[in-house]
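Visitor: Just structure.cif, nothing more (mmCIF, C-alpha atoms):
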```cif
data_coords
loop_
_atom_site.label_atom_id
_atom_site.label_comp_id
_atom_site.auth_asym_id
_atom_site.auth_seq_id
_atom_site.Cartn_x
_atom_site.Cartn_y
_atom_site.Cartn_z
CA MET A 300 -130.25 -124.02 -88.74
CA TYR A 301 -130.58 -127.73 -88.01
CA ARG A 302 -134.18 -128.87 -87.76
CA LYS A 303 -135.62 -131.51 -85.45
CA PHE A 304 -138.29 -133.69 -86.98
CA THR A 305 -140.81 -135.23 -84.54
CA LEU A 306 -142.48 -138.54 -85.27
CA SER A 307 -146.12 -137.85 -84.56
CA SER A 308 -148.00 -140.85 -85.91
CA LEU A 309 -147.79 -144.56 -85.31
CA SER A 310 -147.19 -145.24 -89.01
CA SER A 311 -144.17 -142.90 -89.04
CA LEU A 312 -142.85 -144.52 -85.90
CA LEU A 313 -143.16 -147.98 -87.41
CA PHE A 314 -141.24 -146.79 -90.46
CA PHE A 315 -138.32 -145.60 -88.37
CA LEU A 316 -138.42 -148.70 -86.21
CA SER A 317 -137.96 -150.74 -89.38
CA ILE A 318 -134.67 -148.93 -90.01
CA PHE A 319 -132.99 -148.40 -86.66
CA SER A 320 -132.14 -150.76 -83.81
CA ILE A 321 -134.46 -150.74 -80.83
CA ILE A 322 -133.94 -151.95 -77.26
CA PHE A 323 -136.89 -153.84 -75.83
CA LEU A 324 -137.76 -154.15 -72.14
CA SER A 325 -141.19 -155.76 -72.05
CA SER A 326 -143.18 -157.59 -69.39
CA CYS A 327 -146.71 -159.00 -69.25
CA GLU A 328 -148.97 -159.09 -66.25
CA GLN A 329 -152.39 -160.44 -67.18
CA ASP A 330 -153.45 -158.34 -70.20
CA ASP A 331 -151.14 -155.34 -69.65
CA CYS A 332 -147.72 -154.99 -71.36
CA ASN A 333 -145.12 -152.32 -70.58
CA TYR A 334 -143.17 -151.67 -73.74
CA SER A 335 -139.91 -149.69 -73.69
CA TYR A 336 -137.71 -148.74 -76.60
CA ILE A 337 -135.14 -146.14 -77.65
CA SER A 338 -136.59 -143.62 -80.09
CA TYR A 339 -134.15 -142.06 -82.56
CA GLU A 340 -135.29 -138.59 -83.57
CA PRO A 341 -133.48 -137.35 -86.68
CA ILE A 342 -132.02 -133.85 -86.77
CA PHE A 343 -132.05 -132.44 -90.29
CA MET A 344 -129.98 -129.87 -92.14
CA SER A 345 -131.91 -128.22 -94.96
CA TYR A 346 -130.76 -128.44 -98.57
CA ASP A 347 -130.32 -124.67 -98.72
CA GLU A 348 -128.14 -124.74 -95.62
CA PHE A 349 -125.68 -127.43 -96.69
CA ARG A 350 -125.46 -125.92 -100.18
CA SER A 351 -124.60 -122.54 -98.67
CA ILE A 352 -121.56 -123.93 -96.81
CA PRO A 353 -118.50 -122.58 -98.69
CA VAL A 354 -116.26 -125.00 -100.59
CA GLU A 355 -112.91 -123.47 -99.76
CA LEU A 356 -109.37 -124.31 -98.70
CA LYS A 357 -108.67 -123.61 -95.05
CA THR A 358 -105.57 -124.04 -92.94
CA PRO A 359 -104.47 -127.65 -92.29
CA ARG A 360 -106.30 -129.45 -89.50
CA SER A 361 -105.80 -132.70 -87.66
CA LEU A 362 -106.90 -135.99 -89.16
CA GLU A 363 -109.83 -137.26 -87.09
CA GLU A 364 -112.46 -139.51 -88.67
CA VAL A 365 -110.77 -140.34 -91.95
CA GLY A 366 -112.25 -142.22 -94.90
CA LYS A 367 -111.14 -142.60 -98.53
CA ILE A 368 -107.65 -141.94 -99.85
CA TYR A 369 -106.74 -140.71 -103.35
CA PHE A 370 -103.36 -140.04 -104.96
CA TYR A 371 -102.81 -137.63 -107.85
CA ASN A 372 -99.83 -135.68 -109.17
CA ASP A 373 -97.68 -136.04 -106.02
CA TYR A 374 -100.61 -135.04 -103.81
CA LEU A 375 -102.62 -137.15 -101.38
CA PHE A 376 -106.28 -136.36 -100.85
CA ILE A 377 -107.75 -137.86 -97.67
CA ASN A 378 -111.45 -137.66 -96.91
CA GLU A 379 -112.60 -136.47 -93.49
CA ILE A 380 -116.01 -138.14 -93.35
CA ASN A 381 -118.86 -135.71 -94.07
CA GLU A 382 -116.60 -132.67 -93.66
CA GLY A 383 -114.12 -132.39 -96.52
CA VAL A 384 -110.68 -133.35 -97.81
CA HIS A 385 -107.18 -133.07 -96.37
CA ILE A 386 -104.70 -132.09 -99.12
CA ILE A 387 -101.14 -133.29 -98.55
CA ASP A 388 -98.04 -132.60 -100.65
CA ASN A 389 -96.53 -136.05 -100.96
CA SER A 390 -93.66 -135.26 -103.33
CA ASN A 391 -91.41 -136.52 -100.52
CA PRO A 392 -93.24 -139.47 -98.89
CA ALA A 393 -90.73 -139.44 -96.04
CA SER A 394 -91.86 -135.93 -95.16
CA PRO A 395 -95.45 -135.28 -96.28
CA LEU A 396 -96.62 -131.69 -95.93
CA GLN A 397 -100.22 -130.79 -95.13
CA VAL A 398 -101.28 -128.05 -97.57
CA GLY A 399 -104.76 -127.36 -96.26
CA PHE A 400 -108.25 -128.66 -95.65
CA LEU A 401 -110.88 -128.34 -98.38
CA THR A 402 -114.30 -127.98 -96.75
CA ILE A 403 -117.03 -130.00 -98.50
CA ALA A 404 -120.18 -130.65 -96.49
CA GLY A 405 -121.26 -134.29 -96.63
CA ASN A 406 -118.21 -135.52 -98.55
CA VAL A 407 -117.28 -139.20 -98.67
CA ASP A 408 -115.80 -139.83 -102.16
CA ILE A 409 -113.55 -138.07 -104.64
CA ALA A 410 -111.94 -138.70 -108.03
CA ILE A 411 -109.59 -136.54 -110.10
CA SER A 412 -108.89 -136.15 -113.81
CA GLY A 413 -107.09 -133.39 -115.67
CA ASN A 414 -106.80 -131.12 -112.62
CA THR A 415 -110.54 -131.40 -112.05
CA LEU A 416 -111.72 -132.87 -108.75
CA TYR A 417 -115.14 -134.54 -108.54
CA ALA A 418 -116.64 -134.91 -105.08
CA ASP A 419 -119.94 -135.82 -103.51
CA SER A 420 -121.60 -133.35 -101.16
CA TYR A 421 -124.51 -135.25 -99.62
CA THR A 422 -126.94 -135.51 -102.57
CA ASP A 423 -124.90 -133.34 -104.96
CA LEU A 424 -121.95 -133.88 -107.31
CA LEU A 425 -119.37 -131.07 -107.17
CA VAL A 426 -116.89 -130.13 -109.90
CA ILE A 427 -113.82 -128.36 -108.47
CA ASP A 428 -110.90 -126.81 -110.37
CA ILE A 429 -107.55 -127.73 -108.73
CA ASN A 430 -105.20 -126.34 -111.38
CA THR A 431 -103.80 -124.40 -108.44
CA VAL A 432 -104.00 -126.84 -105.56
CA THR A 433 -103.66 -124.04 -103.03
CA ASN A 434 -106.64 -122.23 -104.56
CA PRO A 435 -109.36 -124.75 -105.49
CA GLN A 436 -112.47 -123.29 -107.10
CA LEU A 437 -115.98 -124.74 -107.20
CA ILE A 438 -117.08 -124.70 -110.85
CA GLU A 439 -120.35 -126.56 -110.86
CA ARG A 440 -122.81 -128.26 -108.53
CA VAL A 441 -124.99 -131.01 -110.02
CA GLU A 442 -127.87 -131.24 -107.57
CA ASN A 443 -129.67 -134.43 -106.47
CA THR A 444 -127.22 -136.82 -108.10
CA PHE A 445 -126.99 -139.12 -105.07
CA SER A 446 -130.51 -139.63 -103.79
CA ASN A 447 -130.53 -143.35 -102.95
CA GLN A 448 -127.74 -143.87 -100.48
CA ILE A 449 -126.60 -143.53 -96.90
CA PHE A 450 -124.38 -140.51 -96.23
CA GLY A 451 -121.30 -141.18 -94.09
CA ASN A 452 -122.22 -142.58 -90.70
CA ASN A 453 -125.44 -140.71 -90.06
CA GLY A 454 -128.39 -141.24 -92.32
CA TYR A 455 -130.18 -140.31 -95.45
CA ALA A 456 -131.88 -137.53 -97.40
CA ASP A 457 -135.53 -136.66 -97.02
CA PRO A 458 -137.04 -134.71 -99.93
CA ASN A 459 -139.05 -132.52 -97.54
CA TYR A 460 -136.66 -131.95 -94.65
CA GLY A 461 -133.08 -132.26 -95.95
CA ILE A 462 -130.14 -134.34 -94.70
CA VAL A 463 -129.94 -136.23 -91.42
CA VAL A 464 -126.87 -134.88 -89.58
CA ASP A 465 -127.46 -136.29 -86.09
CA TRP A 466 -129.88 -138.22 -83.88
CA LYS A 467 -131.58 -137.44 -80.58
CA GLN A 468 -132.14 -140.55 -78.45
CA THR A 469 -135.13 -140.79 -76.12
CA GLU A 470 -136.48 -143.72 -74.10
CA VAL A 471 -140.20 -144.18 -74.68
CA VAL A 472 -142.43 -146.34 -72.44
CA THR A 473 -145.88 -147.35 -73.73
CA ASN A 474 -148.62 -149.49 -72.19
CA TYR A 475 -150.45 -151.91 -74.48
CA ASN A 476 -152.91 -154.74 -74.19
CA CYS A 477 -150.76 -157.85 -74.74
CA ASN A 478 -153.42 -159.44 -76.91
CA ASP A 479 -154.07 -156.38 -79.05
CA ASP A 480 -153.51 -157.01 -82.78
CA GLU A 481 -151.84 -153.61 -83.26
CA TYR A 482 -149.35 -154.36 -80.47
CA ILE A 483 -148.46 -157.76 -81.96
CA ALA A 484 -147.87 -156.14 -85.37
CA TYR A 485 -145.81 -153.41 -83.69
CA GLN A 486 -143.48 -155.99 -82.13
CA GLU A 487 -143.05 -157.85 -85.42
CA GLN A 488 -142.16 -154.66 -87.31
CA ALA A 489 -139.60 -153.76 -84.65
CA ARG A 490 -137.99 -157.22 -84.73
CA GLN A 491 -137.50 -156.92 -88.46
CA GLY A 492 -135.88 -153.50 -88.08
CA ALA A 493 -133.42 -154.70 -85.42
CA ASN A 494 -131.78 -157.06 -87.95
CA SER A 495 -131.41 -154.58 -90.77
CA GLY A 496 -128.04 -153.27 -91.88
CA VAL A 497 -126.40 -151.25 -94.65
CA ALA A 498 -123.01 -152.16 -96.13
CA GLY A 499 -120.16 -149.71 -96.27
CA SER A 500 -118.14 -148.89 -99.34
CA MET A 501 -114.62 -147.83 -100.22
CA ALA A 502 -114.43 -146.38 -103.73
CA ARG A 503 -117.78 -145.36 -105.19
CA PHE A 504 -116.23 -143.10 -107.84
CA ALA A 505 -114.17 -144.25 -110.83
CA ILE A 506 -112.74 -142.39 -113.81
CA THR A 507 -111.74 -144.06 -117.10
CA GLN A 508 -112.10 -143.36 -120.81
CA ASN A 509 -113.16 -139.75 -120.24
CA HIS A 510 -116.07 -140.89 -118.13
CA LEU A 511 -116.90 -140.56 -114.45
CA TYR A 512 -118.77 -143.50 -112.93
CA THR A 513 -120.53 -143.11 -109.59
CA LEU A 514 -122.73 -145.27 -107.41
CA ASN A 515 -126.12 -143.91 -106.47
CA GLY A 516 -127.30 -146.52 -104.00
CA ASP A 517 -127.45 -149.71 -106.09
CA ASN A 518 -127.45 -147.84 -109.38
CA LEU A 519 -124.47 -147.00 -111.58
CA LYS A 520 -124.40 -143.53 -113.16
CA SER A 521 -122.08 -142.66 -116.04
CA TYR A 522 -121.04 -139.10 -116.91
CA SER A 523 -119.10 -137.92 -119.92
CA ILE A 524 -116.28 -135.63 -118.78
CA LEU A 525 -114.90 -134.80 -122.21
CA ASN A 526 -115.56 -131.31 -120.94
CA PRO A 527 -114.12 -131.87 -117.44
CA THR A 528 -115.82 -128.87 -115.90
CA SER A 529 -119.29 -129.80 -117.13
CA PRO A 530 -120.05 -133.51 -116.62
CA GLN A 531 -122.96 -134.79 -118.69
CA MET A 532 -124.95 -137.74 -117.36
CA LYS A 533 -125.31 -140.41 -120.05
CA SER A 534 -126.93 -143.39 -118.35
CA GLU A 535 -128.11 -144.91 -115.09
CA ILE A 536 -128.14 -148.69 -114.67
CA GLU A 537 -129.68 -150.76 -111.89
CA LEU A 538 -127.04 -153.21 -110.64
CA GLY A 539 -128.92 -155.25 -108.05
CA TRP A 540 -128.65 -155.14 -104.28
CA GLY A 541 -125.72 -154.59 -101.95
CA ILE A 542 -123.49 -152.65 -104.36
CA GLU A 543 -120.36 -151.28 -102.68
CA THR A 544 -117.25 -150.51 -104.76
CA LEU A 545 -116.01 -149.62 -108.25
CA PHE A 546 -112.65 -150.55 -109.79
CA PRO A 547 -111.85 -149.73 -113.44
CA TYR A 548 -109.28 -151.87 -115.25
CA GLY A 549 -108.63 -151.79 -118.97
CA THR A 550 -111.94 -151.48 -120.79
CA ASN A 551 -113.88 -153.03 -117.93
CA LEU A 552 -115.46 -152.02 -114.67
CA PHE A 553 -115.31 -154.41 -111.71
CA ILE A 554 -118.05 -153.83 -109.17
CA GLY A 555 -117.93 -155.21 -105.65
CA SER A 556 -121.19 -156.16 -104.01
CA GLN A 557 -122.33 -158.13 -101.00
CA ARG A 558 -123.17 -161.13 -103.14
CA GLY A 559 -120.34 -161.11 -105.63
CA MET A 560 -118.13 -159.31 -108.14
CA HIS A 561 -119.90 -157.96 -111.23
CA ILE A 562 -118.01 -157.34 -114.47
CA TYR A 563 -119.17 -154.73 -116.98
CA ASP A 564 -117.47 -153.84 -120.25
CA LEU A 565 -116.93 -150.22 -121.23
CA TYR A 566 -116.52 -150.57 -124.98
CA GLU A 567 -119.35 -148.05 -125.12
CA PRO A 568 -118.43 -145.89 -122.11
CA ASN A 569 -121.79 -144.14 -122.14
CA GLN A 570 -123.60 -147.42 -121.63
CA PRO A 571 -121.75 -150.04 -119.54
CA ARG A 572 -122.75 -153.59 -120.52
CA PHE A 573 -123.06 -156.53 -118.13
CA VAL A 574 -120.61 -159.38 -118.81
CA SER A 575 -120.74 -161.76 -115.83
CA THR A 576 -120.83 -162.19 -112.05
CA TYR A 577 -118.56 -164.10 -109.71
CA GLU A 578 -120.84 -165.06 -106.83
CA HIS A 579 -119.88 -165.69 -103.21
CA ILE A 580 -121.46 -165.91 -99.79
CA THR A 581 -123.01 -162.65 -98.56
CA SER A 582 -120.11 -160.48 -97.31
CA CYS A 583 -118.61 -157.02 -97.71
CA ASP A 584 -116.61 -157.11 -100.91
CA PRO A 585 -113.99 -154.66 -102.23
CA VAL A 586 -112.07 -155.75 -105.34
CA VAL A 587 -108.86 -154.87 -107.21
CA VAL A 588 -107.53 -156.32 -110.47
CA SER A 589 -104.14 -156.94 -112.05
CA GLU A 590 -103.71 -158.61 -115.44
CA THR A 591 -105.84 -161.78 -115.45
CA THR A 592 -106.46 -162.00 -111.70
CA ALA A 593 -109.04 -160.25 -109.53
CA TYR A 594 -108.49 -160.04 -105.78
CA VAL A 595 -111.55 -159.87 -103.54
CA THR A 596 -111.68 -159.56 -99.76
CA LEU A 597 -114.77 -160.84 -97.97
CA ARG A 598 -115.54 -159.91 -94.40
CA ASN A 599 -118.30 -160.06 -91.85
CA GLY A 600 -119.34 -157.40 -89.37
CA THR A 601 -122.23 -155.12 -88.43
CA ASN A 602 -122.89 -153.94 -91.99
CA CYS A 603 -121.88 -157.19 -93.67
CA ARG A 604 -124.20 -159.65 -91.94
CA ASP A 605 -122.71 -163.08 -91.18
CA GLY A 606 -120.21 -163.37 -94.01
CA VAL A 607 -116.82 -165.00 -94.02
CA ASN A 608 -113.34 -163.48 -93.63
CA GLU A 609 -111.40 -164.55 -96.68
CA LEU A 610 -109.28 -163.43 -99.59
CA HIS A 611 -110.39 -164.80 -102.97
CA LEU A 612 -108.13 -164.90 -106.02
CA ILE A 613 -110.21 -165.15 -109.20
CA ASP A 614 -109.17 -166.06 -112.73
CA ILE A 615 -110.63 -163.46 -115.13
CA SER A 616 -108.77 -164.53 -118.28
CA ASP A 617 -112.26 -165.34 -119.59
CA LEU A 618 -114.33 -162.39 -118.42
CA SER A 619 -117.55 -164.20 -119.23
CA ASN A 620 -116.63 -167.07 -116.90
CA PRO A 621 -114.65 -165.90 -113.82
CA SER A 622 -113.49 -168.80 -111.66
CA LEU A 623 -111.98 -169.17 -108.20
CA ILE A 624 -108.26 -169.98 -108.13
CA ASN A 625 -107.44 -169.82 -104.45
CA THR A 626 -108.78 -168.83 -101.02
CA GLN A 627 -106.86 -167.43 -98.08
CA ALA A 628 -108.25 -167.26 -94.54
CA MET A 629 -108.22 -163.73 -93.06
CA THR A 630 -109.20 -162.03 -89.80
CA ASN A 631 -111.42 -159.14 -90.97
CA PRO A 632 -110.07 -157.81 -94.29
CA HIS A 633 -110.95 -154.37 -95.66
CA GLY A 634 -109.10 -152.46 -98.39
CA LEU A 635 -106.41 -153.98 -100.56
CA GLY A 636 -103.92 -153.00 -103.26
CA VAL A 637 -101.67 -154.86 -105.67
CA ALA A 638 -98.18 -153.97 -106.89
CA SER A 639 -96.23 -155.76 -109.62
CA ASN A 640 -92.92 -155.61 -111.42
CA TYR A 641 -91.39 -157.75 -114.14
CA THR A 642 -90.77 -160.75 -111.90
CA SER A 643 -93.15 -160.65 -108.94
CA LYS A 644 -96.51 -159.45 -107.69
CA THR A 645 -97.39 -158.34 -104.15
CA LEU A 646 -100.83 -157.93 -102.63
CA PHE A 647 -101.32 -155.69 -99.58
CA VAL A 648 -104.40 -156.26 -97.42
CA CYS A 649 -105.74 -154.26 -94.46
CA ASP A 650 -106.80 -157.14 -92.22
CA GLY A 651 -108.59 -155.47 -89.30
CA ASP A 652 -107.04 -156.11 -85.91
CA ALA A 653 -104.53 -158.48 -87.56
CA GLY A 654 -102.93 -155.43 -89.17
CA LEU A 655 -101.39 -154.81 -92.57
CA LYS A 656 -100.37 -157.95 -94.48
CA ALA A 657 -98.22 -158.45 -97.58
CA PHE A 658 -98.68 -161.54 -99.76
CA ASN A 659 -96.63 -162.90 -102.63
CA VAL A 660 -99.28 -163.55 -105.29
CA THR A 661 -96.95 -164.03 -108.25
CA ASP A 662 -98.47 -167.50 -108.56
CA PRO A 663 -102.13 -167.02 -107.57
CA SER A 664 -102.49 -170.74 -106.89
CA ASN A 665 -99.74 -170.56 -104.26
CA VAL A 666 -100.22 -167.51 -102.01
CA GLU A 667 -97.45 -166.80 -99.50
CA GLU A 668 -97.66 -164.31 -96.62
CA MET A 669 -94.41 -162.36 -96.58
CA ALA A 670 -94.87 -159.72 -93.89
CA SER A 671 -97.36 -158.22 -91.46
CA ASP A 672 -97.64 -155.27 -89.09
CA GLU A 673 -100.16 -155.92 -86.34
CA SER A 674 -99.78 -152.40 -84.92
CA ILE A 675 -101.73 -150.88 -87.86
CA HIS A 676 -105.51 -151.06 -88.14
CA GLY A 677 -105.87 -150.10 -91.80
CA TYR A 678 -108.91 -149.20 -93.86
CA ASP A 679 -107.55 -148.80 -97.36
CA VAL A 680 -104.25 -148.71 -99.27
CA ILE A 681 -102.72 -147.37 -102.48
CA ALA A 682 -99.61 -149.04 -103.88
CA HIS A 683 -97.85 -146.70 -106.32
CA GLN A 684 -94.26 -146.50 -107.51
CA ASN A 685 -92.77 -148.38 -104.56
CA ILE A 686 -94.73 -146.33 -102.01
CA LEU A 687 -97.56 -147.89 -100.02
CA MET A 688 -100.01 -145.26 -98.72
CA LEU A 689 -102.28 -146.60 -96.00
CA ILE A 690 -105.20 -144.85 -94.32
CA GLY A 691 -106.73 -146.22 -91.14
CA LYS A 692 -108.32 -145.24 -87.88
CA ASP A 693 -104.91 -144.18 -86.54
CA GLY A 694 -104.05 -141.96 -89.52
CA LEU A 695 -101.88 -141.99 -92.64
CA TYR A 696 -98.89 -144.33 -92.89
CA GLN A 697 -96.45 -144.58 -95.80
CA TYR A 698 -94.05 -147.43 -96.52
CA ASP A 699 -91.30 -148.21 -99.00
CA TYR A 700 -92.29 -151.66 -100.32
CA ARG A 701 -89.36 -152.40 -102.61
CA ASN A 702 -88.58 -155.21 -100.18
CA PRO A 703 -92.08 -156.46 -99.29
CA GLN A 704 -90.67 -158.85 -96.70
CA ASN A 705 -89.30 -155.90 -94.78
CA LEU A 706 -91.58 -152.91 -95.25
CA LYS A 707 -89.84 -149.65 -94.36
CA LEU A 708 -91.96 -147.04 -92.61
CA LEU A 709 -91.27 -143.66 -94.19
CA SER A 710 -93.70 -141.38 -92.38
CA SER A 711 -97.01 -141.07 -90.59
CA ILE A 712 -99.61 -138.44 -89.80
CA LYS A 713 -101.59 -139.58 -86.80
CA THR A 714 -105.27 -138.92 -86.18
CA LYS A 715 -106.13 -136.51 -83.39
#
```
If you took the structure in this file and wrote it as structure tokens, what would it be?
Guide:
Amino acid sequence: MYRKFTLSSLSSLLFFLSIFSIIFLSSCEQDDCNYSYISYEPIFMSYDEFRSIPVELKTPRSLEEVGKIYFYNDYLFINEINEGVHIIDNSNPASPLQVGFLTIAGNVDIAISGNTLYADSYTDLLVIDINTVTNPQLIERVENTFSNQIFGNNGYADPNYGIVVDWKQTEVVTNYNCNDDEYIAYQEQARQGANSGVAGSMARFAITQNHLYTLNGDNLKSYSILNPTSPQMKSEIELGWGIETLFPYGTNLFIGSQRGMHIYDLYEPNQPRFVSTYEHITSCDPVVVSETTAYVTLRNGTNCRDGVNELHLIDISDLSNPSLINTQAMTNPHGLGVASNYTSKTLFVCDGDAGLKAFNVTDPSNVEEMASDESIHGYDVIAHQNILMLIGKDGLYQYDYRNPQNLKLLSSIKTK
């Protein structure tokens, strides 16, 4: 059963005020101040309760609040934030077939290797056998792997109470002496909390060289998956602040953060080694790589402070000295994907309310916008074998991109 946790002391209240936004309605008349704010009371689910929720395949359900997208072996796996994964047979992109919904409490990220699916479940890492996609089996649960991060859209883990699954809002009115030192400190603590924010992420899992890499807050964890059903943690590295995304390419790992793109080499997969950082203004920052060019979108917004909205093309021919090649103004870019053939290279960017955009980036110093669809508000994309798979707030959309100047819509599965 969900548990309500009541803030009973001033120190506890100050702690929560430092995290969540507060609405102030204050007035002074002589030495009396009426102080009003919205109290957010967390509702917890215990560890035993969320771990007792079955991991099982149920009948297909509507897409509602979708998150990450993953493609493997002609199947699409689409995260339903904090609830599980939609499994879709995509062997015919023009007619995708929903196979079922895999329930995973607190799920946000997945990765797949050798018919083994790795997924987060709030604080835990799950290992799931998908040899038979229609009959997935939970093999192992590695508890307390993700202890330092925000879960979905709700909150965090408390070692004593469990996982925050919802919030109860209550208006509280308190009378203080305007000149009281405690009241002055109370206001200052609340002001600091009102400006705080936590960045989102897109891909926090990556698999390469028989290793699974995951983000635990601002730390990078590496697991050997030579035995796919029994991941063995090998190292945990502190990366700095504002870490958001992981993108493996070759023998390197490219890490998006709010302050820049970090490059780590994986010559020793158990122990990633720092190579360099491409720094930029504070912004949300997913990254993809192709050959000697990295593509980074920067955006502002609630979780991304006052950043810029731009696309950066970065020369990584010398990994120890990444340098900016070109900048493209954007509206509010999110996920991106790159596709290349022998003669050309196309970059697809989900640009917020400006829709899906396709750029010719064959020459990174001369970027050309080739097409756009303003009707789509995309979150992330996968470009694979001439099929563009896009997930956004309106659902799943798939395009044939063999002619990037004239994207052909193949199919869609709309959100409820």
Visitor: Mind pulling up the distance from CA of Val407 in chain A to CA of Tyr563 in chain A?
Guide: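 About the pair CA of Tyr563 in chain A and CA of Val407 in chain A: they are 24.1 Å apart.
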Visitor: To test your reading of the syntax: which residues would the PyMOL selection byres ((chain A and resi 532) around 7) return for the file shown? Reply as a PyMOL selection string.
Guide: chain A and resi 521-523+530-531+533-534
Visitor: Do you know which residues lie at most 9 Å from (-104.5, -136.6, -88.5), with coordinates as in the file and only C-alpha atoms counted, and could you write them as a PyMOL selection string?
Guide: chain A and resi 360-365+693-695+711-715
Visitor: Once the PyMOL selection byres ((chain A and resi 590-594) around 8) is applied to the coordinates I shared, what remains selected? I want it as a PDB file with C-alpha atoms, in the coordinates of the input.
Guide:
```pdb
ATOM      1  CA  VAL A 586    -112.070-155.750-105.340  1.00  0.00           C
ATOM      2  CA  VAL A 587    -108.860-154.870-107.210  1.00  0.00           C
ATOM      3  CA  VAL A 588    -107.530-156.320-110.470  1.00  0.00           C
ATOM      4  CA  SER A 589    -104.140-156.940-112.050  1.00  0.00           C
ATOM      5  CA  VAL A 595    -111.550-159.870-103.540  1.00  0.00           C
ATOM      6  CA  THR A 596    -111.680-159.560 -99.760  1.00  0.00           C
ATOM      7  CA  LEU A 610    -109.280-163.430 -99.590  1.00  0.00           C
ATOM      8  CA  HIS A 611    -110.390-164.800-102.970  1.00  0.00           C
ATOM      9  CA  LEU A 612    -108.130-164.900-106.020  1.00  0.00           C
ATOM     10  CA  ILE A 613    -110.210-165.150-109.200  1.00  0.00           C
ATOM     11  CA  ASP A 614    -109.170-166.060-112.730  1.00  0.00           C
ATOM     12  CA  ILE A 615    -110.630-163.460-115.130  1.00  0.00           C
ATOM     13  CA  SER A 616    -108.770-164.530-118.280  1.00  0.00           C
ATOM     14  CA  PRO A 663    -102.130-167.020-107.570  1.00  0.00           C
TER      15      PRO A 663
END
```
Visitor: Which residue gives the smallest distance to Gly549 in chain A among A:Ile686, A:Val574, A:Leu565, A:Ile387, with all atoms listed in the file counted?
Guide: A:Leu565
Visitor: Taking the point (-106.0, -154.1, -92.4) as given in the file, collect each protein or nucleic acid residue that comes within 9 Å of it, counting all atoms listed in the file, and present the set as JSON, numbers by chain.
Guide: {"A": [630, 631, 632, 633, 634, 635, 647, 648, 649, 650, 651, 652, 653, 654, 655, 656, 673, 675, 676, 677, 678, 679, 680, 691]}
Visitor: With distances taken over only C-alpha atoms, which of A:Arg598, A:Arg701, A:Lys357, A:His683 is nearest to Val637 in chain A?
Guide: A:His683
Visitor: Work out how far CA of Ile352 in chain A is from CA of Gln436 in chain A, in Å to one decimal.
Guide: 13.7 Å
Visitor: Quick one: pull the distance between CA of Gly413 in chain A and CA of Ala505 in chain A, Å, one decimal.
Guide: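 CA of Ala505 in chain A lies at a distance of 13.8 Å from CA of Gly413 in chain A.
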Visitor: Nearest to Asn569 in chain A: which of A:Ala410, A:Ile524, A:Leu646, A:Ile429 is it, counting all atoms listed in the file?
Guide: A:Ile524
